[in-house]
Amino acid sequence: MQQEILATVKASSPRRWLGVGMLAIVGALVIYVALASPPEFAWQVFLFVVGAAAFWLAHRMWHATKDWIELTQTELRTGAGRLIASVEDIESVDRGVFAFKPSNGFLVKTRNKAANCWEPGLWWRFGHRVGVGGMTAAAETKFMAEILTTLIQSASIPNRT
């Protein structure tokens with residue numbers, strides 16, 4: 001049985017094109033500098049590595065931002081079905097200005113550690129912390145964070161019967 005999706009966050013198309021395009025331009029410029037005015041051999045190798053890394057990151061970002069994030073009553077997951085965090089495992093949601101969070105996003109703190117993961121432009125996980133956002137619309141992530149906060153608060157209130 002499929003659960004109802006309460007909120008969805010997707011990478012906005014203009015940000016996706018702009019972000020990937022800028023990384024590709026950086027990669028091309030760095031490689032151009034390495035070829036057009038070659039410095040010492042060690043620096044030239046360094047420039048090739050940086051250029052290749054920029055192209056690799058652009059490729060990863062392009063594929064990662066094809067996916068999206070869904071929030072249901074019980075889990076935060078990707079559109080492909082990969083579990084990011086279960087709602088019962090989430091301790092807090094932080095959208096504060098000084099939170100170490102992605103651009104236009106929010107930070108989730110979980111009770112249990114999970115494997116580190118990084119989907120550039122969409123979400124990342126490092127230990128107990130999950131960052132959602134990046135190339136996403138601020139309104140979508142704000143809505144998802146508010147719904148998630150409500151779910152956590154309603155789960156922590158004991159039943160009074």
# chains A, B, ... in the order shown; residues from 1 in each chain; ligands from 1

call {"tool": "residues_around", "arguments": {"residues": "Trp62 (chain A)", "least_positions_apart": "6", "cutoff": "12 Å", "atoms": "only C-alpha atoms", "output": "number ranges by chain"}}
result
A: 11-13, 15-24, 55-56, 119-122, 135

call {"tool": "write_last_selection", "arguments": {"atoms": "C-alpha atoms", "output": "CSV table (one decimal), in the first residue's frame"}}
result
chain,number,residue,atom,x,y,z
A,11,ALA,CA,15.5,20.7,-8.0
A,12,SER,CA,14.3,23.7,-10.0
A,13,SER,CA,15.2,23.5,-13.7
A,15,ARG,CA,19.1,26.3,-10.9
A,16,ARG,CA,19.9,22.8,-12.2
A,17,TRP,CA,21.1,24.1,-15.6
A,18,LEU,CA,22.9,27.1,-14.0
A,19,GLY,CA,24.7,25.0,-11.4
A,20,VAL,CA,25.8,22.2,-13.7
A,21,GLY,CA,26.7,24.7,-16.4
A,22,MET,CA,28.9,26.8,-14.1
A,23,LEU,CA,30.7,23.7,-12.9
A,24,ALA,CA,31.3,22.6,-16.5
A,55,PHE,CA,33.4,17.8,-14.8
A,56,TRP,CA,32.8,14.8,-12.5
A,119,GLU,CA,23.6,13.7,-3.8
A,120,PRO,CA,25.0,17.1,-4.9
A,121,GLY,CA,22.3,19.8,-5.2
A,122,LEU,CA,19.6,17.7,-3.5
A,135,MET,CA,19.2,23.5,-6.1

call {"tool": "residues_around", "arguments": {"residues": "region 147-153 of chain A", "least_positions_apart": "6", "cutoff": "8 Å", "atoms": "only C-alpha atoms", "output": "CSV table (one decimal) with N, CA and C atoms, in the first residue's frame"}}
result
chain,number,residue,atom,x,y,z
A,6,LEU,N,3.1,13.8,1.5
A,6,LEU,CA,2.7,15.1,2.2
A,6,LEU,C,3.4,16.3,1.5
A,7,ALA,N,4.6,16.1,1.1
A,7,ALA,CA,5.4,17.2,0.5
A,7,ALA,C,6.4,16.6,-0.4
A,71,LEU,N,8.1,13.4,1.3
A,71,LEU,CA,7.8,13.2,2.7
A,71,LEU,C,6.5,12.5,2.9
A,73,GLN,N,4.0,10.2,6.0
A,73,GLN,CA,3.8,10.1,7.4
A,73,GLN,C,4.9,9.4,8.2
A,87,VAL,N,10.7,9.1,9.9
A,87,VAL,CA,10.2,10.2,10.7
A,87,VAL,C,10.4,9.9,12.2
A,88,GLU,N,10.2,8.7,12.7
A,88,GLU,CA,10.3,8.4,14.1
A,88,GLU,C,11.8,8.5,14.6
A,90,ILE,N,13.8,11.0,13.6
A,90,ILE,CA,14.2,12.4,13.5
A,90,ILE,C,14.0,13.1,14.9
A,91,GLU,N,15.1,13.7,15.3
A,91,GLU,CA,15.0,14.4,16.6
A,91,GLU,C,14.6,15.9,16.4
A,92,SER,N,15.2,16.5,15.4
A,92,SER,CA,14.9,17.9,15.2
A,92,SER,C,15.1,18.4,13.8
A,93,VAL,N,14.4,19.5,13.4
A,93,VAL,CA,14.6,20.1,12.1
A,93,VAL,C,15.0,21.5,12.4

call {"tool": "select_by_dssp", "arguments": {"residues": "region 7-161 of chain A", "states": "strand (DSSP E)", "output": "ChimeraX atom specification"}}
result
/A:7-10,68-71,75-78,83-86,90-94,106-119,123-132

call {"tool": "write_last_selection", "arguments": {"atoms": "C-alpha atoms", "output": "compact mmCIF listing (two decimals), in the first residue's frame"}}
result
# COMPACT_ATOMS: atom_id res chain seq x y z
CA ALA A 7 5.39 17.21 0.53
CA THR A 8 7.76 17.02 -2.42
CA VAL A 9 11.01 18.87 -3.08
CA LYS A 10 12.53 18.97 -6.57
CA TRP A 68 13.37 14.43 -5.89
CA ILE A 69 12.57 14.08 -2.19
CA GLU A 70 9.21 12.98 -0.78
CA LEU A 71 7.84 13.19 2.75
CA GLU A 75 9.63 8.53 6.09
CA LEU A 76 11.70 11.04 4.18
CA ARG A 77 12.76 9.35 0.95
CA THR A 78 13.87 9.99 -2.60
CA LEU A 83 15.17 5.99 2.49
CA ILE A 84 16.81 9.19 3.75
CA ALA A 85 15.40 9.05 7.29
CA SER A 86 12.36 7.63 9.02
CA ILE A 90 14.21 12.37 13.51
CA GLU A 91 15.03 14.42 16.61
CA SER A 92 14.87 17.94 15.22
CA VAL A 93 14.56 20.11 12.12
CA ASP A 94 16.65 23.29 11.85
CA PHE A 106 17.00 22.62 6.17
CA LEU A 107 18.98 20.38 8.50
CA VAL A 108 17.59 17.25 10.15
CA LYS A 109 19.17 15.65 13.20
CA THR A 110 18.49 11.92 13.63
CA ARG A 111 18.76 9.73 16.72
CA ASN A 112 20.73 7.00 14.93
CA LYS A 113 23.69 7.27 12.60
CA ALA A 114 23.36 6.11 9.03
CA ALA A 115 25.80 5.65 6.17
CA ASN A 116 27.24 8.86 4.78
CA CYS A 117 25.81 9.89 1.44
CA TRP A 118 25.93 12.88 -0.87
CA GLU A 119 23.62 13.69 -3.75
CA TRP A 123 20.60 16.21 -0.12
CA TRP A 124 23.46 14.84 1.96
CA ARG A 125 23.88 12.76 5.12
CA PHE A 126 26.81 12.76 7.50
CA GLY A 127 26.38 10.69 10.66
CA HIS A 128 23.38 12.01 12.60
CA ARG A 129 22.79 14.98 10.28
CA VAL A 130 20.86 15.17 7.02
CA GLY A 131 20.84 18.29 4.87
CA VAL A 132 18.01 18.77 2.39

call {"tool": "closest_residue", "arguments": {"among": "A:Glu146, A:Ser37, A:Ile25, A:Thr141", "to": "Pro102 (chain A)", "atoms": "only C-alpha atoms"}}
result
A:Thr141

call {"tool": "closest_residue", "arguments": {"among": "A:Ile5, A:Gly96, A:Phe143, A:Gly134", "to": "Thr74 (chain A)", "atoms": "only C-alpha atoms"}}
result
A:Ile5

call {"tool": "closest_residue", "arguments": {"among": "A:Glu40, A:Gly79, A:Thr72, A:Gly27", "to": "Ala54 (chain A)", "atoms": "only C-alpha atoms"}}
result
A:Gly27

call {"tool": "atom_distance", "arguments": {"atom1": "CA of Ala145 (chain A)", "atom2": "CA of Ala80 (chain A)"}}
result
20.3 Å

call {"tool": "atom_distance", "arguments": {"atom1": "CA of Arg95 (chain A)", "atom2": "CA of Arg60 (chain A)"}}
result
25.7 Å

call {"tool": "closest_residue", "arguments": {"among": "A:Phe48, A:Pro39, A:Val26, A:Gly133", "to": "Phe100 (chain A)", "atoms": "only C-alpha atoms"}}
result
A:Gly133

call {"tool": "select_by_dssp", "arguments": {"residues": "region 40-76 of chain A", "states": "alpha helix (DSSP H)", "output": "MDAnalysis selection string"}}
result
chainID A and resid 41:64

call {"tool": "write_last_selection", "arguments": {"atoms": "N, CA and C atoms", "output": "short mmCIF file (atom, residue, chain, number, x, y, z; two decimals), in the first residue's frame"}}
result
data_model
loop_
_atom_site.label_atom_id
_atom_site.label_comp_id
_atom_site.auth_asym_id
_atom_site.auth_seq_id
_atom_site.Cartn_x
_atom_site.Cartn_y
_atom_site.Cartn_z
N PHE A 41 55.20 21.31 -14.47
CA PHE A 41 54.49 20.05 -14.69
C PHE A 41 53.56 19.70 -13.53
N ALA A 42 54.02 19.86 -12.30
CA ALA A 42 53.20 19.52 -11.13
C ALA A 42 51.93 20.37 -11.09
N TRP A 43 52.05 21.67 -11.40
CA TRP A 43 50.88 22.54 -11.41
C TRP A 43 49.95 22.21 -12.57
N GLN A 44 50.52 21.80 -13.68
CA GLN A 44 49.69 21.42 -14.82
C GLN A 44 48.86 20.17 -14.49
N VAL A 45 49.49 19.20 -13.85
CA VAL A 45 48.76 18.00 -13.42
C VAL A 45 47.66 18.39 -12.44
N PHE A 46 47.99 19.29 -11.50
CA PHE A 46 47.00 19.76 -10.52
C PHE A 46 45.81 20.40 -11.24
N LEU A 47 46.06 21.23 -12.24
CA LEU A 47 44.98 21.89 -12.98
C LEU A 47 44.13 20.87 -13.74
N PHE A 48 44.75 19.87 -14.32
CA PHE A 48 43.98 18.82 -15.00
C PHE A 48 43.09 18.06 -14.01
N VAL A 49 43.63 17.78 -12.83
CA VAL A 49 42.85 17.07 -11.80
C VAL A 49 41.66 17.92 -11.35
N VAL A 50 41.89 19.21 -11.12
CA VAL A 50 40.81 20.11 -10.70
C VAL A 50 39.75 20.22 -11.81
N GLY A 51 40.18 20.34 -13.05
CA GLY A 51 39.24 20.41 -14.17
C GLY A 51 38.42 19.14 -14.30
N ALA A 52 39.09 17.99 -14.18
CA ALA A 52 38.37 16.71 -14.25
C ALA A 52 37.40 16.57 -13.08
N ALA A 53 37.80 17.01 -11.89
CA ALA A 53 36.92 16.95 -10.72
C ALA A 53 35.69 17.83 -10.92
N ALA A 54 35.84 18.99 -11.53
CA ALA A 54 34.70 19.86 -11.81
C ALA A 54 33.74 19.19 -12.79
N PHE A 55 34.27 18.55 -13.82
CA PHE A 55 33.41 17.84 -14.77
C PHE A 55 32.71 16.65 -14.10
N TRP A 56 33.44 15.93 -13.25
CA TRP A 56 32.85 14.80 -12.52
C TRP A 56 31.72 15.29 -11.61
N LEU A 57 31.95 16.40 -10.90
CA LEU A 57 30.93 16.94 -10.01
C LEU A 57 29.71 17.43 -10.80
N ALA A 58 29.93 18.03 -11.94
CA ALA A 58 28.81 18.46 -12.79
C ALA A 58 27.98 17.26 -13.23
N HIS A 59 28.67 16.18 -13.60
CA HIS A 59 27.98 14.94 -13.99
C HIS A 59 27.17 14.38 -12.83
N ARG A 60 27.79 14.29 -11.64
CA ARG A 60 27.08 13.79 -10.45
C ARG A 60 25.87 14.65 -10.11
N MET A 61 26.05 15.97 -10.18
CA MET A 61 24.96 16.88 -9.85
C MET A 61 23.81 16.74 -10.85
N TRP A 62 24.13 16.59 -12.13
CA TRP A 62 23.10 16.45 -13.15
C TRP A 62 22.24 15.22 -12.88
N HIS A 63 22.88 14.10 -12.54
CA HIS A 63 22.14 12.87 -12.28
C HIS A 63 21.42 12.90 -10.94
N ALA A 64 22.03 13.50 -9.93
CA ALA A 64 21.40 13.56 -8.61
C ALA A 64 20.15 14.42 -8.63
#

call {"tool": "atom_distance", "arguments": {"atom1": "CA of Arg82 (chain A)", "atom2": "CA of Ala155 (chain A)"}}
result
22.9 Å

call {"tool": "decode", "arguments": {"residues": "region 107-133 of chain A", "atoms": "N, CA and C atoms", "output": "short mmCIF file (atom, residue, chain, number, x, y, z; two decimals), in the first residue's frame"}}
result
data_model
loop_
_atom_site.label_atom_id
_atom_site.label_comp_id
_atom_site.auth_asym_id
_atom_site.auth_seq_id
_atom_site.Cartn_x
_atom_site.Cartn_y
_atom_site.Cartn_z
N LEU A 107 18.13 21.41 7.91
CA LEU A 107 18.98 20.38 8.50
C LEU A 107 18.13 19.51 9.41
N VAL A 108 18.30 18.21 9.31
CA VAL A 108 17.59 17.25 10.15
C VAL A 108 18.60 16.53 11.02
N LYS A 109 18.32 16.42 12.30
CA LYS A 109 19.17 15.65 13.20
C LYS A 109 18.44 14.37 13.57
N THR A 110 19.10 13.22 13.35
CA THR A 110 18.49 11.92 13.63
C THR A 110 19.05 11.33 14.92
N ARG A 111 18.31 10.40 15.49
CA ARG A 111 18.76 9.73 16.72
C ARG A 111 19.87 8.71 16.43
N ASN A 112 19.77 8.06 15.30
CA ASN A 112 20.73 7.00 14.93
C ASN A 112 21.56 7.44 13.73
N LYS A 113 22.81 7.00 13.74
CA LYS A 113 23.69 7.27 12.60
C LYS A 113 23.28 6.40 11.43
N ALA A 114 23.57 6.89 10.25
CA ALA A 114 23.36 6.11 9.03
C ALA A 114 24.57 6.32 8.14
N ALA A 115 24.65 5.55 7.08
CA ALA A 115 25.80 5.65 6.17
C ALA A 115 25.85 7.04 5.54
N ASN A 116 27.05 7.56 5.40
CA ASN A 116 27.24 8.86 4.78
C ASN A 116 26.85 8.78 3.30
N CYS A 117 26.25 9.85 2.82
CA CYS A 117 25.81 9.89 1.44
C CYS A 117 25.77 11.34 0.97
N TRP A 118 25.97 11.53 -0.32
CA TRP A 118 25.93 12.88 -0.87
C TRP A 118 25.35 12.83 -2.26
N GLU A 119 24.25 13.51 -2.45
CA GLU A 119 23.62 13.69 -3.75
C GLU A 119 23.67 15.19 -4.03
N PRO A 120 24.72 15.66 -4.71
CA PRO A 120 24.96 17.10 -4.86
C PRO A 120 23.77 17.85 -5.44
N GLY A 121 23.40 18.92 -4.76
CA GLY A 121 22.31 19.76 -5.20
C GLY A 121 20.96 19.36 -4.66
N LEU A 122 20.88 18.21 -3.96
CA LEU A 122 19.59 17.73 -3.47
C LEU A 122 19.61 17.42 -1.98
N TRP A 123 20.51 16.55 -1.54
CA TRP A 123 20.60 16.21 -0.12
C TRP A 123 21.93 15.55 0.19
N TRP A 124 22.28 15.53 1.48
CA TRP A 124 23.46 14.84 1.96
C TRP A 124 23.19 14.31 3.37
N ARG A 125 23.97 13.30 3.76
CA ARG A 125 23.88 12.76 5.12
C ARG A 125 25.29 12.51 5.62
N PHE A 126 25.53 12.97 6.84
CA PHE A 126 26.81 12.76 7.50
C PHE A 126 26.53 12.42 8.96
N GLY A 127 26.64 11.14 9.29
CA GLY A 127 26.38 10.69 10.66
C GLY A 127 24.93 10.90 11.06
N HIS A 128 24.72 11.74 12.09
CA HIS A 128 23.38 12.01 12.60
C HIS A 128 22.67 13.13 11.84
N ARG A 129 23.35 13.79 10.94
CA ARG A 129 22.79 14.98 10.28
C ARG A 129 22.46 14.71 8.81
N VAL A 130 21.31 15.25 8.40
CA VAL A 130 20.86 15.17 7.02
C VAL A 130 20.54 16.58 6.56
N GLY A 131 21.13 16.99 5.45
CA GLY A 131 20.84 18.29 4.87
C GLY A 131 20.00 18.11 3.62
N VAL A 132 18.90 18.84 3.55
CA VAL A 132 18.01 18.77 2.39
C VAL A 132 17.98 20.15 1.75
N GLY A 133 18.21 20.20 0.45
CA GLY A 133 18.17 21.47 -0.26
C GLY A 133 19.35 21.59 -1.20
#
